[in-house]
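Source file query29.txt; content: compact mmCIF, C-alpha atoms and all ligand atoms.
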```
# COMPACT_ATOMS: atom_id res chain seq x y z
CA MET A 35 -68.07 65.83 64.16
CA LYS A 36 -66.16 67.75 61.49
CA SER A 37 -63.05 65.65 61.35
CA SER A 38 -62.13 62.17 62.49
CA TRP A 39 -59.33 63.70 64.63
CA GLY A 40 -61.83 65.30 67.00
CA THR A 41 -61.36 68.65 68.77
CA PRO A 42 -57.94 70.20 69.37
CA GLY A 43 -58.39 69.39 73.06
CA MET A 44 -58.87 65.71 72.31
CA ARG A 45 -55.83 65.77 70.08
CA SER A 46 -53.53 67.03 72.83
CA THR A 47 -54.96 64.44 75.23
CA ILE A 48 -54.03 61.74 72.75
CA LEU A 49 -50.55 63.26 72.40
CA ILE A 50 -50.04 63.31 76.18
CA GLN A 51 -51.21 59.72 76.46
CA ALA A 52 -48.75 58.70 73.78
CA LEU A 53 -45.93 60.45 75.67
CA VAL A 54 -46.85 58.73 78.92
CA VAL A 55 -46.91 55.32 77.26
CA THR A 56 -43.53 55.99 75.64
CA SER A 57 -41.88 57.01 78.90
CA VAL A 58 -43.34 54.06 80.82
CA LEU A 59 -41.95 51.74 78.15
CA ALA A 60 -38.55 53.44 78.35
CA VAL A 61 -38.41 53.06 82.14
CA SER A 62 -39.38 49.38 82.08
CA THR A 63 -36.78 48.69 79.40
CA LEU A 64 -34.14 50.38 81.57
CA THR A 65 -35.14 48.31 84.61
CA ALA A 66 -34.91 45.08 82.65
CA GLN A 67 -31.55 46.16 81.32
CA ALA A 68 -30.30 46.93 84.83
CA GLY A 69 -31.24 43.43 85.94
CA ARG A 70 -29.40 41.88 83.02
CA GLU A 71 -26.30 44.02 83.46
CA GLY A 72 -26.14 43.38 87.18
CA LYS A 73 -26.31 39.66 86.51
CA GLY A 74 -23.59 39.94 83.87
CA VAL A 75 -21.25 41.81 86.21
CA TYR A 76 -22.00 39.33 88.99
CA LYS A 77 -21.22 36.36 86.71
CA ARG A 78 -17.99 37.92 85.46
CA THR A 79 -16.56 39.11 88.76
CA CYS A 80 -18.48 38.60 91.98
CA VAL A 81 -19.33 34.94 91.38
CA TYR A 82 -15.81 33.76 92.26
CA CYS A 83 -16.26 34.56 95.93
CA HIS A 84 -20.00 34.95 96.40
CA GLN A 85 -20.87 31.59 94.86
CA THR A 86 -18.34 29.72 96.98
CA GLY A 87 -18.17 31.76 100.20
CA VAL A 88 -14.41 32.45 99.92
CA SER A 89 -13.13 34.22 103.09
CA GLY A 90 -16.66 34.39 104.47
CA ALA A 91 -18.28 36.11 101.50
CA PRO A 92 -22.07 36.04 101.94
CA LEU A 93 -23.40 33.42 99.52
CA PHE A 94 -25.56 34.42 96.59
CA GLY A 95 -29.22 33.90 97.43
CA ASP A 96 -28.52 33.16 101.11
CA SER A 97 -31.10 35.44 102.68
CA ALA A 98 -29.98 34.74 106.27
CA ALA A 99 -26.42 35.80 105.46
CA TRP A 100 -27.57 38.90 103.59
CA GLN A 101 -30.27 40.10 105.97
CA PRO A 102 -28.00 41.94 108.47
CA ARG A 103 -25.99 43.36 105.58
CA ILE A 104 -29.07 44.59 103.74
CA ALA A 105 -30.22 46.14 107.04
CA GLN A 106 -27.21 48.49 106.89
CA GLY A 107 -28.84 50.19 103.94
CA ARG A 108 -28.11 50.08 100.25
CA GLU A 109 -25.67 53.03 100.39
CA VAL A 110 -23.40 51.20 102.85
CA LEU A 111 -23.41 48.11 100.64
CA TYR A 112 -22.51 50.22 97.62
CA ARG A 113 -19.68 51.90 99.54
CA HIS A 114 -18.28 48.58 100.74
CA ALA A 115 -18.52 47.02 97.29
CA LEU A 116 -16.88 50.04 95.65
CA GLY A 117 -14.22 50.78 98.23
CA GLY A 118 -13.66 47.37 99.81
CA PHE A 119 -14.62 46.04 103.23
CA LYS A 120 -12.65 43.38 105.22
CA GLY A 121 -12.33 40.37 102.86
CA MET A 122 -14.33 42.15 100.17
CA PRO A 123 -11.88 43.77 97.72
CA ALA A 124 -12.76 47.13 96.14
CA LYS A 125 -14.94 46.51 93.06
CA GLY A 126 -14.49 42.76 93.60
CA ALA A 127 -10.83 43.28 92.61
CA ASN A 128 -11.90 44.22 89.09
CA PRO A 129 -10.90 47.89 88.65
CA LYS A 130 -12.24 47.83 85.07
CA LEU A 131 -15.80 47.88 86.38
CA THR A 132 -17.48 51.28 86.51
CA ASP A 133 -19.11 52.41 89.75
CA ALA A 134 -22.50 52.00 88.08
CA GLU A 135 -21.75 48.39 87.16
CA VAL A 136 -20.70 47.56 90.70
CA ARG A 137 -23.93 49.12 92.03
CA LEU A 138 -25.98 47.08 89.56
CA ALA A 139 -24.25 43.90 90.72
CA VAL A 140 -25.00 44.81 94.36
CA ASP A 141 -28.65 45.39 93.40
CA TYR A 142 -28.74 42.02 91.66
CA MET A 143 -27.30 40.21 94.69
CA VAL A 144 -29.57 42.04 97.14
CA GLN A 145 -32.64 41.31 94.99
CA ASN A 146 -31.86 37.61 94.93
CA ALA A 147 -31.09 37.46 98.63
CA SER A 148 -34.14 39.36 99.82
CA GLY A 149 -36.56 37.56 97.51
CA GLN A 150 -36.72 34.64 99.91
CA SER A 151 -37.73 35.61 103.41
CA VAL A 152 -37.74 32.04 104.75
CA PRO A 153 -34.29 30.82 105.84
CA GLN A 154 -33.07 28.14 103.46
CA THR A 155 -31.54 24.81 104.38
CA SER A 156 -28.11 24.17 102.95
CA ALA A 157 -29.61 21.57 100.57
CA GLN A 158 -31.98 24.17 99.17
CA ARG A 159 -29.12 26.61 98.89
CA MET A 160 -27.08 24.11 96.85
CA ARG A 161 -30.02 23.63 94.51
CA VAL A 162 -30.55 27.36 94.06
CA GLN A 163 -26.90 27.78 93.25
CA SER A 164 -26.68 24.95 90.76
CA ASP A 165 -29.73 26.35 88.98
CA ARG A 166 -27.78 29.47 88.13
C1 LIG B 201 -12.12 38.04 96.28
C2 LIG B 201 -13.43 37.65 96.75
C3 LIG B 201 -14.61 38.56 96.46
C4 LIG B 201 -15.05 39.04 95.25
C5 LIG B 201 -14.45 38.81 93.87
C6 LIG B 201 -16.24 39.82 95.53
N1 LIG B 201 -16.52 39.82 96.87
FE1 LIG B 201 -18.03 40.82 97.80
N2 LIG B 201 -17.40 40.10 99.60
C7 LIG B 201 -16.30 39.26 99.79
C8 LIG B 201 -16.18 38.93 101.21
C9 LIG B 201 -15.13 38.02 101.84
C10 LIG B 201 -17.23 39.65 101.87
C11 LIG B 201 -17.55 39.66 103.36
C12 LIG B 201 -16.78 40.77 104.04
C13 LIG B 201 -17.02 40.71 105.53
O1 LIG B 201 -18.08 41.22 105.96
O2 LIG B 201 -16.20 40.16 106.22
C14 LIG B 201 -17.98 40.35 100.82
C15 LIG B 201 -19.07 41.18 101.06
C16 LIG B 201 -19.76 41.86 100.10
C17 LIG B 201 -20.86 42.74 100.34
C18 LIG B 201 -21.47 43.05 101.70
C19 LIG B 201 -20.73 44.19 102.33
C20 LIG B 201 -21.31 44.55 103.69
O3 LIG B 201 -21.34 45.74 104.01
O4 LIG B 201 -21.75 43.67 104.42
C21 LIG B 201 -21.28 43.21 99.14
C22 LIG B 201 -22.42 44.19 98.88
C23 LIG B 201 -20.44 42.64 98.15
N3 LIG B 201 -19.52 41.81 98.75
C24 LIG B 201 -20.57 42.89 96.79
C25 LIG B 201 -19.72 42.37 95.82
C26 LIG B 201 -19.84 42.66 94.42
C27 LIG B 201 -20.89 43.57 93.82
C28 LIG B 201 -18.84 41.99 93.79
C29 LIG B 201 -18.54 41.97 92.31
C30 LIG B 201 -18.35 43.26 91.65
C31 LIG B 201 -18.09 41.26 94.81
N4 LIG B 201 -18.66 41.51 96.02
C32 LIG B 201 -16.99 40.48 94.56
C33 LIG B 201 -15.46 38.76 98.82
C34 LIG B 201 -15.54 39.04 97.47
```
Could you write out this structure as structure tokens?
Ligand code: HEC
Amino acid sequence: MKSSWGTPGMRSTILIQALVVTSVLAVSTLTAQAGREGKGVYKRTCVYCHQTGVSGAPLFGDSAAWQPRIAQGREVLYRHALGGFKGMPAKGANPKLTDAEVRLAVDYMVQNASGQSVPQTSAQRMRVQSDR
């Protein structure tokens, strides 16, 4: 061993490993951020109908109500949230939201609805809602 840095080959391996670690960290930070932003948008706009079920809005966390909607595919949900669908106003009637923010809010709602595969009783649903 001439130097503590090892051979040039070892050095580039270390460099590549450092790059991989950096990009993995960047991606996980972005994912966490997406979750937070989606929640923020939901709480600012979507909560008014999706927490109360106004005009038949599927309730937050109600997996039975969301299942057939999720089955349409994420793109359809995005389109309906962005452009409006029956009682669902375009962008939740908040035109200030960007398309990306609306998509994040859809992701947040879908995540919370599909997390529970067992149908909930209404008592459980009340508890889940008051927790948030
Ligand atoms: C003024 C009330 C209201 C607000 C605010 C609102 N929604 Fe809705 N939303 C509804 C109603 C009502 C439906 C059910 C429409 C139907 O299927 O009859 C719905 C349905 C949906 C669906 C399912 C669409 C489908 O294809 O089944 C998604 C996704 C959705 N809303 C996302 C959002 C997001 C994201 C926000 C916030 C940016 C939001 N909503 C804000 C009333 C609202």
Draw an axis-aligned box tight on the listed atoms of ligand LIG 201 (chain B), then pad every side by 5 Å and write out centre and edge lengths in Å to one decimal as lines of an AutoDock Vina configuration file.
```
center_x = -17.3
center_y = 41.7
center_z = 98.9
size_x = 20.3
size_y = 18.1
size_z = 24.6
```
At a cut-off of 9 Å around ligand LIG 201 (chain B), and using only C-alpha atoms and all ligand atoms, what residues come up? Please write them as number ranges by chain.
A: 72, 75-84, 87-93, 100, 102-104, 106-108, 110-116, 118-128, 131, 135-144
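Note that atom CA of A:Asn146 and atom CA of A:Thr56 are 29.1 Å apart.
Here atom CA of A:Thr86 is placed at a distance of 15.0 Å from atom CA of A:Ala147.
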Measure the distance from atom CA of A:Ala134 to atom CA of A:Val55 in Å and round it to one decimal.
26.9 Å
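Here the question is which of A:Leu53, A:Lys73, A:Glu109, A:Gly43 gets nearest to A:Phe94 using all atoms listed in the file, and that residue is A:Lys73.
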Would you mind putting back N, CA and C atoms on stretch 69-104 of chain A, then writing it out as a PDB file, keeping the file's coordinate frame?
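Saved the output as selection.pdb:
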```pdb
ATOM      1  N   GLY A  69     -31.274  44.784  85.404  1.00  0.00           N
ATOM      2  CA  GLY A  69     -31.240  43.430  85.940  1.00  0.00           C
ATOM      3  C   GLY A  69     -30.263  42.568  85.160  1.00  0.00           C
ATOM      4  N   ARG A  70     -30.304  42.679  83.847  1.00  0.00           N
ATOM      5  CA  ARG A  70     -29.400  41.880  83.020  1.00  0.00           C
ATOM      6  C   ARG A  70     -27.954  42.270  83.240  1.00  0.00           C
ATOM      7  N   GLU A  71     -27.682  43.581  83.295  1.00  0.00           N
ATOM      8  CA  GLU A  71     -26.300  44.020  83.460  1.00  0.00           C
ATOM      9  C   GLU A  71     -25.748  43.618  84.814  1.00  0.00           C
ATOM     10  N   GLY A  72     -26.577  43.760  85.847  1.00  0.00           N
ATOM     11  CA  GLY A  72     -26.140  43.380  87.180  1.00  0.00           C
ATOM     12  C   GLY A  72     -25.767  41.909  87.209  1.00  0.00           C
ATOM     13  N   LYS A  73     -26.571  41.093  86.555  1.00  0.00           N
ATOM     14  CA  LYS A  73     -26.310  39.660  86.510  1.00  0.00           C
ATOM     15  C   LYS A  73     -25.001  39.376  85.762  1.00  0.00           C
ATOM     16  N   GLY A  74     -24.809  40.112  84.658  1.00  0.00           N
ATOM     17  CA  GLY A  74     -23.590  39.940  83.870  1.00  0.00           C
ATOM     18  C   GLY A  74     -22.344  40.271  84.671  1.00  0.00           C
ATOM     19  N   VAL A  75     -22.399  41.399  85.389  1.00  0.00           N
ATOM     20  CA  VAL A  75     -21.250  41.810  86.210  1.00  0.00           C
ATOM     21  C   VAL A  75     -21.030  40.770  87.304  1.00  0.00           C
ATOM     22  N   TYR A  76     -22.109  40.340  87.927  1.00  0.00           N
ATOM     23  CA  TYR A  76     -22.000  39.330  88.990  1.00  0.00           C
ATOM     24  C   TYR A  76     -21.297  38.086  88.441  1.00  0.00           C
ATOM     25  N   LYS A  77     -21.755  37.618  87.273  1.00  0.00           N
ATOM     26  CA  LYS A  77     -21.220  36.360  86.710  1.00  0.00           C
ATOM     27  C   LYS A  77     -19.760  36.517  86.286  1.00  0.00           C
ATOM     28  N   ARG A  78     -19.370  37.732  85.908  1.00  0.00           N
ATOM     29  CA  ARG A  78     -17.990  37.920  85.460  1.00  0.00           C
ATOM     30  C   ARG A  78     -17.038  38.098  86.627  1.00  0.00           C
ATOM     31  N   THR A  79     -17.513  38.704  87.716  1.00  0.00           N
ATOM     32  CA  THR A  79     -16.560  39.110  88.760  1.00  0.00           C
ATOM     33  C   THR A  79     -16.909  38.587  90.157  1.00  0.00           C
ATOM     34  N   CYS A  80     -18.129  38.830  90.593  1.00  0.00           N
ATOM     35  CA  CYS A  80     -18.480  38.600  91.980  1.00  0.00           C
ATOM     36  C   CYS A  80     -18.662  37.120  92.278  1.00  0.00           C
ATOM     37  N   VAL A  81     -18.999  36.352  91.236  1.00  0.00           N
ATOM     38  CA  VAL A  81     -19.330  34.940  91.380  1.00  0.00           C
ATOM     39  C   VAL A  81     -18.192  34.147  92.034  1.00  0.00           C
ATOM     40  N   TYR A  82     -16.950  34.544  91.786  1.00  0.00           N
ATOM     41  CA  TYR A  82     -15.810  33.760  92.260  1.00  0.00           C
ATOM     42  C   TYR A  82     -15.806  33.620  93.769  1.00  0.00           C
ATOM     43  N   CYS A  83     -16.238  34.640  94.470  1.00  0.00           N
ATOM     44  CA  CYS A  83     -16.260  34.560  95.930  1.00  0.00           C
ATOM     45  C   CYS A  83     -17.684  34.345  96.454  1.00  0.00           C
ATOM     46  N   HIS A  84     -18.655  34.991  95.826  1.00  0.00           N
ATOM     47  CA  HIS A  84     -20.000  34.950  96.400  1.00  0.00           C
ATOM     48  C   HIS A  84     -20.769  33.686  96.049  1.00  0.00           C
ATOM     49  N   GLN A  85     -20.244  32.872  95.158  1.00  0.00           N
ATOM     50  CA  GLN A  85     -20.870  31.590  94.860  1.00  0.00           C
ATOM     51  C   GLN A  85     -20.263  30.506  95.741  1.00  0.00           C
ATOM     52  N   THR A  86     -19.066  30.751  96.245  1.00  0.00           N
ATOM     53  CA  THR A  86     -18.340  29.720  96.980  1.00  0.00           C
ATOM     54  C   THR A  86     -18.185  30.062  98.456  1.00  0.00           C
ATOM     55  N   GLY A  87     -18.328  31.351  98.805  1.00  0.00           N
ATOM     56  CA  GLY A  87     -18.170  31.760 100.200  1.00  0.00           C
ATOM     57  C   GLY A  87     -16.709  31.947 100.593  1.00  0.00           C
ATOM     58  N   VAL A  88     -15.830  32.204  99.641  1.00  0.00           N
ATOM     59  CA  VAL A  88     -14.410  32.450  99.920  1.00  0.00           C
ATOM     60  C   VAL A  88     -14.263  33.535 100.992  1.00  0.00           C
ATOM     61  N   SER A  89     -13.403  33.317 101.948  1.00  0.00           N
ATOM     62  CA  SER A  89     -13.130  34.220 103.090  1.00  0.00           C
ATOM     63  C   SER A  89     -14.389  34.775 103.738  1.00  0.00           C
ATOM     64  N   GLY A  90     -15.441  33.964 103.777  1.00  0.00           N
ATOM     65  CA  GLY A  90     -16.660  34.390 104.470  1.00  0.00           C
ATOM     66  C   GLY A  90     -17.551  35.293 103.650  1.00  0.00           C
ATOM     67  N   ALA A  91     -17.399  35.296 102.340  1.00  0.00           N
ATOM     68  CA  ALA A  91     -18.280  36.110 101.500  1.00  0.00           C
ATOM     69  C   ALA A  91     -19.712  35.584 101.635  1.00  0.00           C
ATOM     70  N   PRO A  92     -20.674  36.484 101.852  1.00  0.00           N
ATOM     71  CA  PRO A  92     -22.070  36.040 101.940  1.00  0.00           C
ATOM     72  C   PRO A  92     -22.495  35.381 100.623  1.00  0.00           C
ATOM     73  N   LEU A  93     -23.055  34.176 100.731  1.00  0.00           N
ATOM     74  CA  LEU A  93     -23.400  33.420  99.520  1.00  0.00           C
ATOM     75  C   LEU A  93     -24.561  34.039  98.762  1.00  0.00           C
ATOM     76  N   PHE A  94     -24.495  33.933  97.452  1.00  0.00           N
ATOM     77  CA  PHE A  94     -25.560  34.420  96.590  1.00  0.00           C
ATOM     78  C   PHE A  94     -26.869  33.720  96.945  1.00  0.00           C
ATOM     79  N   GLY A  95     -27.911  34.478  97.154  1.00  0.00           N
ATOM     80  CA  GLY A  95     -29.220  33.900  97.430  1.00  0.00           C
ATOM     81  C   GLY A  95     -29.430  33.441  98.870  1.00  0.00           C
ATOM     82  N   ASP A  96     -28.406  33.595  99.712  1.00  0.00           N
ATOM     83  CA  ASP A  96     -28.520  33.160 101.110  1.00  0.00           C
ATOM     84  C   ASP A  96     -29.119  34.315 101.926  1.00  0.00           C
ATOM     85  N   SER A  97     -30.444  34.284 102.076  1.00  0.00           N
ATOM     86  CA  SER A  97     -31.100  35.440 102.680  1.00  0.00           C
ATOM     87  C   SER A  97     -30.662  35.660 104.122  1.00  0.00           C
ATOM     88  N   ALA A  98     -30.383  34.577 104.870  1.00  0.00           N
ATOM     89  CA  ALA A  98     -29.980  34.740 106.270  1.00  0.00           C
ATOM     90  C   ALA A  98     -28.643  35.479 106.352  1.00  0.00           C
ATOM     91  N   ALA A  99     -27.734  35.153 105.442  1.00  0.00           N
ATOM     92  CA  ALA A  99     -26.420  35.800 105.460  1.00  0.00           C
ATOM     93  C   ALA A  99     -26.521  37.258 105.017  1.00  0.00           C
ATOM     94  N   TRP A 100     -27.462  37.539 104.136  1.00  0.00           N
ATOM     95  CA  TRP A 100     -27.570  38.900 103.590  1.00  0.00           C
ATOM     96  C   TRP A 100     -28.411  39.834 104.446  1.00  0.00           C
ATOM     97  N   GLN A 101     -29.329  39.256 105.235  1.00  0.00           N
ATOM     98  CA  GLN A 101     -30.270  40.100 105.970  1.00  0.00           C
ATOM     99  C   GLN A 101     -29.595  41.207 106.796  1.00  0.00           C
ATOM    100  N   PRO A 102     -28.625  40.855 107.677  1.00  0.00           N
ATOM    101  CA  PRO A 102     -28.000  41.940 108.470  1.00  0.00           C
ATOM    102  C   PRO A 102     -27.228  42.924 107.605  1.00  0.00           C
ATOM    103  N   ARG A 103     -26.742  42.465 106.467  1.00  0.00           N
ATOM    104  CA  ARG A 103     -25.990  43.360 105.580  1.00  0.00           C
ATOM    105  C   ARG A 103     -26.951  44.313 104.878  1.00  0.00           C
ATOM    106  N   ILE A 104     -28.071  43.756 104.407  1.00  0.00           N
ATOM    107  CA  ILE A 104     -29.070  44.590 103.740  1.00  0.00           C
ATOM    108  C   ILE A 104     -29.613  45.642 104.726  1.00  0.00           C
TER     109      ILE A 104
END
```
